[in-house]
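Chemist: I have a structure I would like to understand better, so I am pasting it below and will then ask my questions one at a time.
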2 protein chains.
Amino acid sequence: MMSHLGPLRCGAWASLLGQLLRPPHAVCIRAAGCHSQVAQAVLTSQQKPHQEKPNFIIKVPKGTRDLSPQQMVVREKILEKIISCFKRHGARGLDTPAFELTEMLTEKYEDNCGLMYDLKDQGGELLSLRYDLTVPFARYLAMNKLKKMKRYQVGKVWRRESPALVQGRYREFCQCDFDIAGEFDPMIPDAECLKIICEILSGLQLGDFLIKVNDRRVLDGIFAVCGVPEDKFRTICSSIDKLDKMSWEDVRHEMVAKKGLAPEVADRIGEYVKCRGGISLVEELFKDPRLSQSQRALQGLWDLKLLFEYLTLFGIAEKISFDLSLARGLDYYTGVIYEAVLLQSPGQAGNEALNVGSVAAGGRYDRLVAQFDSKGHNVPCVGLSIGVERIFYLVEQKMKASGEKVRTTETQVFVATPQRNFLRERLKLIAELWNAGIKAEMLYRNNPKLLTQLHYCEKTDIPLMVIIGEQERKEGVIKLRSVASREEVTINRESLVAEIQKRLSES
Amino acid sequence: MMSHLGPLRCGAWASLLGQLLRPPHAVCIRAAGCHSQVAQAVLTSQQKPHQEKPNFIIKVPKGTRDLSPQQMVVREKILEKIISCFKRHGARGLDTPAFELTEMLTEKYEDNCGLMYDLKDQGGELLSLRYDLTVPFARYLAMNKLKKMKRYQVGKVWRRESPALVQGRYREFCQCDFDIAGEFDPMIPDAECLKIICEILSGLQLGDFLIKVNDRRVLDGIFAVCGVPEDKFRTICSSIDKLDKMSWEDVRHEMVAKKGLAPEVADRIGEYVKCRGGISLVEELFKDPRLSQSQRALQGLWDLKLLFEYLTLFGIAEKISFDLSLARGLDYYTGVIYEAVLLQSPGQAGNEALNVGSVAAGGRYDRLVAQFDSKGHNVPCVGLSIGVERIFYLVEQKMKASGEKVRTTETQVFVATPQRNFLRERLKLIAELWNAGIKAEMLYRNNPKLLTQLHYCEKTDIPLMVIIGEQERKEGVIKLRSVASREEVTINRESLVAEIQKRLSES
């Protein structure tokens, strides 16, 4: 059973899942066993529902969610693939606190500061939850005076955006970042970042994808030669960033009416940002009479040309689109920027295609570390972030469509008995299995029914069952049952662990 | 090189580590390669340190820390062992948000509410960072109307305690929790929790340990028969909880002078809480003329007797000490409680032994879920929490003492060249390796020196080196070098991947 997370409210989903999650074995009341009658009476009176009803609605905070065991299994598989790719490229792990000093984060996100979660002033430092993993990484580099580092980090970040759950967007979400910090020859680390995005998206089998690439210096050059005043570069850049969600007409209107750009300047920009293509577009722009006047743009174009050469050597050039409308929202980028989009959603018929936005993005940020260094020393950086929540949502959809079943436990052996008063034998036996590293479960009941035990194994897909009863105890043997084939063999009690290990290594 | 985290300030440590972390290859200035002279001039001017010096001290928030790559490797090994034990016992994974509605958390920790991190009221819901993983688990059970669940959760929790870094205590720290929710026959899940603690502490090879066990009902019974008024049970319980850090005299003084207990009542309590032992102490207390008057105490004693029987079957009874001074700080416990302590610190001579406090703890909390259920329905629970920060600190100390080296990358192959102008060949070659799933690195330089490349491999313990030069290109071959033995073999270019995979599978 795979989960359909999207259109349901978080609570509704969790509640639905809750019903499906209940283990199949029957409830057994606790007041049994070896208690004295007196103690038993006390026990019973204490087992009554305690009158401590909550006077509030039980929910998770807006824009957040729990991950059920089913969801955790899917998520862990995705994260494992992403992390193994990061490690394949020689990255080291890093962890930073969930919150930073507020002053470390402000001015790093410009327009987005209002989206930060601040902690209450309870005396002491003013703190905010991290908004991404990039700024903490830059802070780490500066604080430790590191001039080079290739690191990955997987962790939650928090943004107080209006949550649109349908699109898999949350206020608390997980990011998987890979970054290369250091002074190197141009475009070699940048090309590797794009290679990594390709490896991850291919490896997750999310269908066809495209990586849009642009360069902040080319954008700035366009703004300059089109006549945008320098102090409006960043705000015009954020208007351009909306082109994937808004029409050119609406973006133009925003730039002219709201941001005071001259209409002819906006129209000149419009000519450029409609362009997309491959290396040939780079060559064309080199010859553009207006743009070639901008040294900044030329510098960006040189780097893009080199980047395309390296991407061809990596065999991924056909996945890349030079797209002048790509602007990226975050303020700290200084050079190449990129964003990966899926061309169709996996496991979905064409007309049901989902709008999931970008699934990976990143770019070069050469001046962020200097903002944390007391001497203004700089460390150029380039990196990428995988939008794991969206990928997670898509993989869930895909698994749901294919009817793929998810096991939420890894239990290999179930310890059962057909008879009453065999709890002690089961406890001794299961401890032996645990001590041998075998994943084993039993029912927490003194006298469970055999049928209940069989059902539990079938429902939770436990492959092997060990059965001990009066007959077996007498003869010093154990029954070993394959749950799927229902075949049973009788083996010596002493060779049980060895036999199970043999069976498990064969399967 | 292993890290000595303890006595250093977090910042000082990170700074020291920073110096050690720098990769050994020389810095190459970025302004090289195929840039035009014009573009180059622009580039150079842009590469100057940007004048954006911060006007504040760069640090992490009080009581928090970054985990360096070295620390991450150690942590991941520890977490992997803990999680694999949880899975061996059939637990499912769960994740909950970092923060909860403040009202969900208040009244759950009694005296400790002031230690919660609240989020600023930025409009909308009032939120607090989670204080443990137990209350969110109870909230999850109630919200999803789950009557049974065996789950584990690994995640950070936050407490605004005065941080004593030397002892490995932080305001942000990681917890690893395992809990069994549901109505079952008495003491079977409880015994499994103690078994799990034993398996984890043995598996981590932290030296000898002991698990103190008590029962809240026995404590309450002692308070009742000694004459403590019912409304003072909880506050007297928290005084008793301090017995591992304070002398009996000081605890007695607190109870009498601060909490208004009659001196003779305190003295009667003193007689009991000095007791510790095994199953024989349980039998003794059954016969205690005063305590046997308390039905609550008798009920606890019955359960403890049964627990000891099961622990004997599990083969861990000798690790358990029935200790009447154990009280546990958290308010929600209702039955059996336990706390594991190390008897000596690993890798340390006797007189240098570290006070690390408890490394695992837990207990039964049968009335917490009802506090979240709108109809007051109850789900009895029992669980444990592994204090991974303390274990982490101890393992670091142990590795430091033994001089064990930690590799922070997993790179298997380094792609090198002895000649200039071989960047393109290296890029093609490394992409082939990545595509075959081989963990590979190269230097991000157009023309690195061979010696620099060799040093990089030796410093980062990369076992294999692939070398391509003019000669090899001409002949369609590659040199494969073992970094440790310095042996080189020449192989066909086409069989490179197969040969590397063969070598790696053999090692």
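Ligands are numbered from 1 in the order shown, residues from 1 within each chain, and chains are lettered A, B, ... in the order they appear in the structure tokens.
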Using only C-alpha atoms, find each residue in region 95-163 of chain B having at least one atom no more than 10 Å away from region 375-381 of chain B; report its shortest atom-to-atom pair and that distance in Å (one decimal), rows by chain then rising number, as CSV.
Modeler:
residue,atom,partner,partner_atom,distance
B:Thr134,CA,B:Cys381,CA,9.8
B:Ala138,CA,B:Val379,CA,8.6
B:Leu141,CA,B:Val379,CA,8.2
B:Ala142,CA,B:His377,CA,8.3
B:Lys145,CA,B:His377,CA,9.0
B:Leu146,CA,B:Val379,CA,8.3
B:Lys147,CA,B:Val379,CA,6.0
B:Lys148,CA,B:Val379,CA,7.6
B:Met149,CA,B:Cys381,CA,9.3
B:Lys150,CA,B:Cys381,CA,9.6
Chemist: Write the residues of the preceding selection, restricted to all heavy atoms, as a PDB file, in the first residue's frame.
Modeler:
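Once everything was written out, this is part.pdb:
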ATOM      1  N   THR B 134       9.441  11.630  23.117  1.00  0.00           N
ATOM      2  CA  THR B 134       8.383  10.826  23.726  1.00  0.00           C
ATOM      3  C   THR B 134       7.026  11.505  23.593  1.00  0.00           C
ATOM      4  O   THR B 134       6.048  10.874  23.176  1.00  0.00           O
ATOM      5  CB  THR B 134       8.708  10.581  25.216  1.00  0.00           C
ATOM      6  OG1 THR B 134      10.044  10.111  25.315  1.00  0.00           O
ATOM      7  CG2 THR B 134       7.767   9.558  25.810  1.00  0.00           C
ATOM      8  N   ALA B 138       3.616  10.261  21.622  1.00  0.00           N
ATOM      9  CA  ALA B 138       2.287  10.118  22.239  1.00  0.00           C
ATOM     10  C   ALA B 138       1.264  10.939  21.454  1.00  0.00           C
ATOM     11  O   ALA B 138       0.144  10.485  21.204  1.00  0.00           O
ATOM     12  CB  ALA B 138       2.338  10.555  23.698  1.00  0.00           C
ATOM     13  N   LEU B 141       0.417   9.036  18.268  1.00  0.00           N
ATOM     14  CA  LEU B 141      -0.477   7.899  18.527  1.00  0.00           C
ATOM     15  C   LEU B 141      -1.918   8.369  18.681  1.00  0.00           C
ATOM     16  O   LEU B 141      -2.831   7.828  18.064  1.00  0.00           O
ATOM     17  CB  LEU B 141      -0.036   7.162  19.800  1.00  0.00           C
ATOM     18  CG  LEU B 141       1.277   6.382  19.743  1.00  0.00           C
ATOM     19  CD1 LEU B 141       1.647   5.889  21.143  1.00  0.00           C
ATOM     20  CD2 LEU B 141       1.192   5.210  18.779  1.00  0.00           C
ATOM     21  N   ALA B 142      -2.112   9.418  19.499  1.00  0.00           N
ATOM     22  CA  ALA B 142      -3.468   9.910  19.757  1.00  0.00           C
ATOM     23  C   ALA B 142      -4.068  10.501  18.490  1.00  0.00           C
ATOM     24  O   ALA B 142      -5.223  10.230  18.148  1.00  0.00           O
ATOM     25  CB  ALA B 142      -3.440  10.951  20.874  1.00  0.00           C
ATOM     26  N   LYS B 145      -5.060   7.818  16.225  1.00  0.00           N
ATOM     27  CA  LYS B 145      -5.877   6.788  16.887  1.00  0.00           C
ATOM     28  C   LYS B 145      -5.233   5.404  16.779  1.00  0.00           C
ATOM     29  O   LYS B 145      -5.900   4.404  16.505  1.00  0.00           O
ATOM     30  CB  LYS B 145      -7.297   6.781  16.314  1.00  0.00           C
ATOM     31  CG  LYS B 145      -7.947   8.166  16.309  1.00  0.00           C
ATOM     32  CD  LYS B 145      -9.433   8.101  16.574  1.00  0.00           C
ATOM     33  CE  LYS B 145     -10.039   9.504  16.621  1.00  0.00           C
ATOM     34  NZ  LYS B 145      -9.328  10.406  17.574  1.00  0.00           N
ATOM     35  N   LEU B 146      -3.931   5.347  16.961  1.00  0.00           N
ATOM     36  CA  LEU B 146      -3.215   4.074  16.922  1.00  0.00           C
ATOM     37  C   LEU B 146      -3.249   3.444  18.304  1.00  0.00           C
ATOM     38  O   LEU B 146      -2.979   4.103  19.300  1.00  0.00           O
ATOM     39  CB  LEU B 146      -1.767   4.285  16.493  1.00  0.00           C
ATOM     40  CG  LEU B 146      -1.554   4.919  15.116  1.00  0.00           C
ATOM     41  CD1 LEU B 146      -0.071   5.171  14.883  1.00  0.00           C
ATOM     42  CD2 LEU B 146      -2.121   4.032  14.033  1.00  0.00           C
ATOM     43  N   LYS B 147      -3.587   2.176  18.354  1.00  0.00           N
ATOM     44  CA  LYS B 147      -3.662   1.481  19.634  1.00  0.00           C
ATOM     45  C   LYS B 147      -2.389   0.697  19.913  1.00  0.00           C
ATOM     46  O   LYS B 147      -2.166   0.223  21.027  1.00  0.00           O
ATOM     47  CB  LYS B 147      -4.877   0.550  19.644  1.00  0.00           C
ATOM     48  CG  LYS B 147      -6.205   1.296  19.658  1.00  0.00           C
ATOM     49  CD  LYS B 147      -6.385   2.024  20.989  1.00  0.00           C
ATOM     50  CE  LYS B 147      -7.533   3.034  20.927  1.00  0.00           C
ATOM     51  NZ  LYS B 147      -7.314   4.135  21.883  1.00  0.00           N
ATOM     52  N   LYS B 148      -1.604   0.481  18.865  1.00  0.00           N
ATOM     53  CA  LYS B 148      -0.363  -0.295  19.003  1.00  0.00           C
ATOM     54  C   LYS B 148       0.669   0.255  18.053  1.00  0.00           C
ATOM     55  O   LYS B 148       0.339   0.577  16.901  1.00  0.00           O
ATOM     56  CB  LYS B 148      -0.606  -1.742  18.578  1.00  0.00           C
ATOM     57  CG  LYS B 148      -1.255  -2.603  19.584  1.00  0.00           C
ATOM     58  CD  LYS B 148      -1.373  -4.001  19.027  1.00  0.00           C
ATOM     59  CE  LYS B 148      -2.304  -4.806  19.909  1.00  0.00           C
ATOM     60  NZ  LYS B 148      -2.662  -6.059  19.294  1.00  0.00           N
ATOM     61  N   MET B 149       1.897   0.305  18.471  1.00  0.00           N
ATOM     62  CA  MET B 149       2.967   0.661  17.541  1.00  0.00           C
ATOM     63  C   MET B 149       4.308   0.425  18.227  1.00  0.00           C
ATOM     64  O   MET B 149       4.496   0.769  19.391  1.00  0.00           O
ATOM     65  CB  MET B 149       2.861   2.133  17.126  1.00  0.00           C
ATOM     66  CG  MET B 149       3.876   2.523  16.052  1.00  0.00           C
ATOM     67  SD  MET B 149       3.649   4.231  15.534  1.00  0.00           S
ATOM     68  CE  MET B 149       4.740   4.284  14.113  1.00  0.00           C
ATOM     69  N   LYS B 150       5.214  -0.167  17.485  1.00  0.00           N
ATOM     70  CA  LYS B 150       6.600  -0.312  17.954  1.00  0.00           C
ATOM     71  C   LYS B 150       7.411   0.579  17.027  1.00  0.00           C
ATOM     72  O   LYS B 150       7.542   0.266  15.852  1.00  0.00           O
ATOM     73  CB  LYS B 150       7.009  -1.784  17.857  1.00  0.00           C
ATOM     74  CG  LYS B 150       8.347  -2.087  18.447  1.00  0.00           C
ATOM     75  CD  LYS B 150       8.465  -3.561  18.881  1.00  0.00           C
ATOM     76  CE  LYS B 150       8.254  -4.538  17.746  1.00  0.00           C
ATOM     77  NZ  LYS B 150       8.454  -5.943  18.148  1.00  0.00           N
TER      78      LYS B 150
END
Chemist: Would you return as number ranges by chain the members of region 80-142 of chain B that DSSP assigns to strand (DSSP E) on this structure's backbone?
Modeler: B: 92-93, 99-101, 127-129
Chemist: With only C-alpha atoms as the atoms that count, which of A:Gly124, A:Pro136, A:Trp248, A:Val497 lies nearest to Asn435 (chain A)?
Modeler: A:Val497
Chemist: May I ask for the distance between CA of Val282 (chain B) and CA of Trp302 (chain B), given in Å to one decimal place?
Modeler: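 CA of Trp302 (chain B) lies 8.5 Å from CA of Val282 (chain B).
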Chemist: Write down, as a ChimeraX atom specification, each residue of chain B that has any atom within 6 Å of an atom of chain A, counting only C-alpha atoms.
Modeler: /B:14-15,18,28-30,39,49,52-54,58,61,66-69,88-90,92-96,100-101,118-120,143-144,146,183-186,188,299,313-314,371-372,374,376-378,408-409,411,428,431,439-440,444-445
Chemist: DSSP on the backbone: which residues in region 275-380 of chain A end up as helix (DSSP H, G or I)? Give the answer as a PyMOL selection string.
Modeler: chain A and resi 279-286+291-293+295-313+317-319+350-352+369-372
Chemist: Quick one, how far is CA of Ile491 (chain A) from CA of Leu504 (chain A)?
Modeler: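 Between CA of Ile491 (chain A) and CA of Leu504 (chain A) the gap works out to 15.7 Å.
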Chemist: Quote the spacing between CA of Leu330 (chain A) and CA of Pro263 (chain A) in Å to one decimal place.
Modeler: 25.8 Å
Chemist: Using only C-alpha atoms, which residues sit within 8 Å of region 384-387 of chain A once same-chain residues fewer than 5 positions away are excluded, as a list in words?
Modeler: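 Neighbouring residues, sequence-local ones excluded: Cys174, Gln175, Cys176, Asp177, Phe178, Asp179, Cys193, Ile197, Ser358, Val359, Ala360, Ala361, Gly362 and Gly363 of chain A.
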Chemist: Keeping only N, CA and C atoms, write the selected residues as an mmCIF file, in the first residue's frame.
Modeler:
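result_6.cif, written as the output of this step:
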data_model
loop_
_atom_site.group_PDB
_atom_site.id
_atom_site.type_symbol
_atom_site.label_atom_id
_atom_site.label_comp_id
_atom_site.auth_asym_id
_atom_site.auth_seq_id
_atom_site.Cartn_x
_atom_site.Cartn_y
_atom_site.Cartn_z
ATOM 1 N N CYS A 174 13.168 18.977 4.101
ATOM 2 C CA CYS A 174 14.525 18.444 4.119
ATOM 3 C C CYS A 174 15.278 18.907 2.872
ATOM 4 N N GLN A 175 16.525 19.294 3.036
ATOM 5 C CA GLN A 175 17.379 19.603 1.887
ATOM 6 C C GLN A 175 18.603 18.706 1.902
ATOM 7 N N CYS A 176 19.088 18.383 0.704
ATOM 8 C CA CYS A 176 20.320 17.609 0.546
ATOM 9 C C CYS A 176 21.283 18.458 -0.269
ATOM 10 N N ASP A 177 22.307 18.953 0.383
ATOM 11 C CA ASP A 177 23.217 19.897 -0.279
ATOM 12 C C ASP A 177 24.592 19.306 -0.500
ATOM 13 N N PHE A 178 25.174 19.667 -1.619
ATOM 14 C CA PHE A 178 26.567 19.325 -1.943
ATOM 15 C C PHE A 178 27.223 20.620 -2.386
ATOM 16 N N ASP A 179 28.375 20.946 -1.818
ATOM 17 C CA ASP A 179 29.058 22.185 -2.193
ATOM 18 C C ASP A 179 30.565 21.974 -2.261
ATOM 19 N N CYS A 193 29.078 19.704 -10.280
ATOM 20 C CA CYS A 193 27.768 19.882 -9.637
ATOM 21 C C CYS A 193 26.641 19.480 -10.587
ATOM 22 N N ILE A 197 23.842 16.347 -10.244
ATOM 23 C CA ILE A 197 22.377 16.452 -10.399
ATOM 24 C C ILE A 197 21.887 15.410 -11.396
ATOM 25 N N SER A 358 10.897 22.905 -9.549
ATOM 26 C CA SER A 358 12.243 22.372 -9.728
ATOM 27 C C SER A 358 12.544 21.306 -8.685
ATOM 28 N N VAL A 359 13.329 20.321 -9.038
ATOM 29 C CA VAL A 359 13.683 19.246 -8.107
ATOM 30 C C VAL A 359 15.141 19.337 -7.646
ATOM 31 N N ALA A 360 15.894 20.243 -8.246
ATOM 32 C CA ALA A 360 17.278 20.467 -7.832
ATOM 33 C C ALA A 360 17.702 21.834 -8.345
ATOM 34 N N ALA A 361 18.572 22.487 -7.622
ATOM 35 C CA ALA A 361 18.991 23.825 -8.047
ATOM 36 C C ALA A 361 20.275 24.198 -7.334
ATOM 37 N N GLY A 362 20.906 25.234 -7.837
ATOM 38 C CA GLY A 362 22.124 25.689 -7.193
ATOM 39 C C GLY A 362 22.835 26.725 -8.013
ATOM 40 N N GLY A 363 24.105 26.937 -7.689
ATOM 41 C CA GLY A 363 24.874 27.929 -8.423
ATOM 42 C C GLY A 363 26.134 28.313 -7.681
#
Chemist: May I ask which of the residues A:Leu133, A:Ile500, A:Ala436, A:Ala416 is the closest one to Gly469 (chain A), counting only C-alpha atoms?
Modeler: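 The shortest atom-to-atom distance to Gly469 (chain A) comes from A:Ala416.
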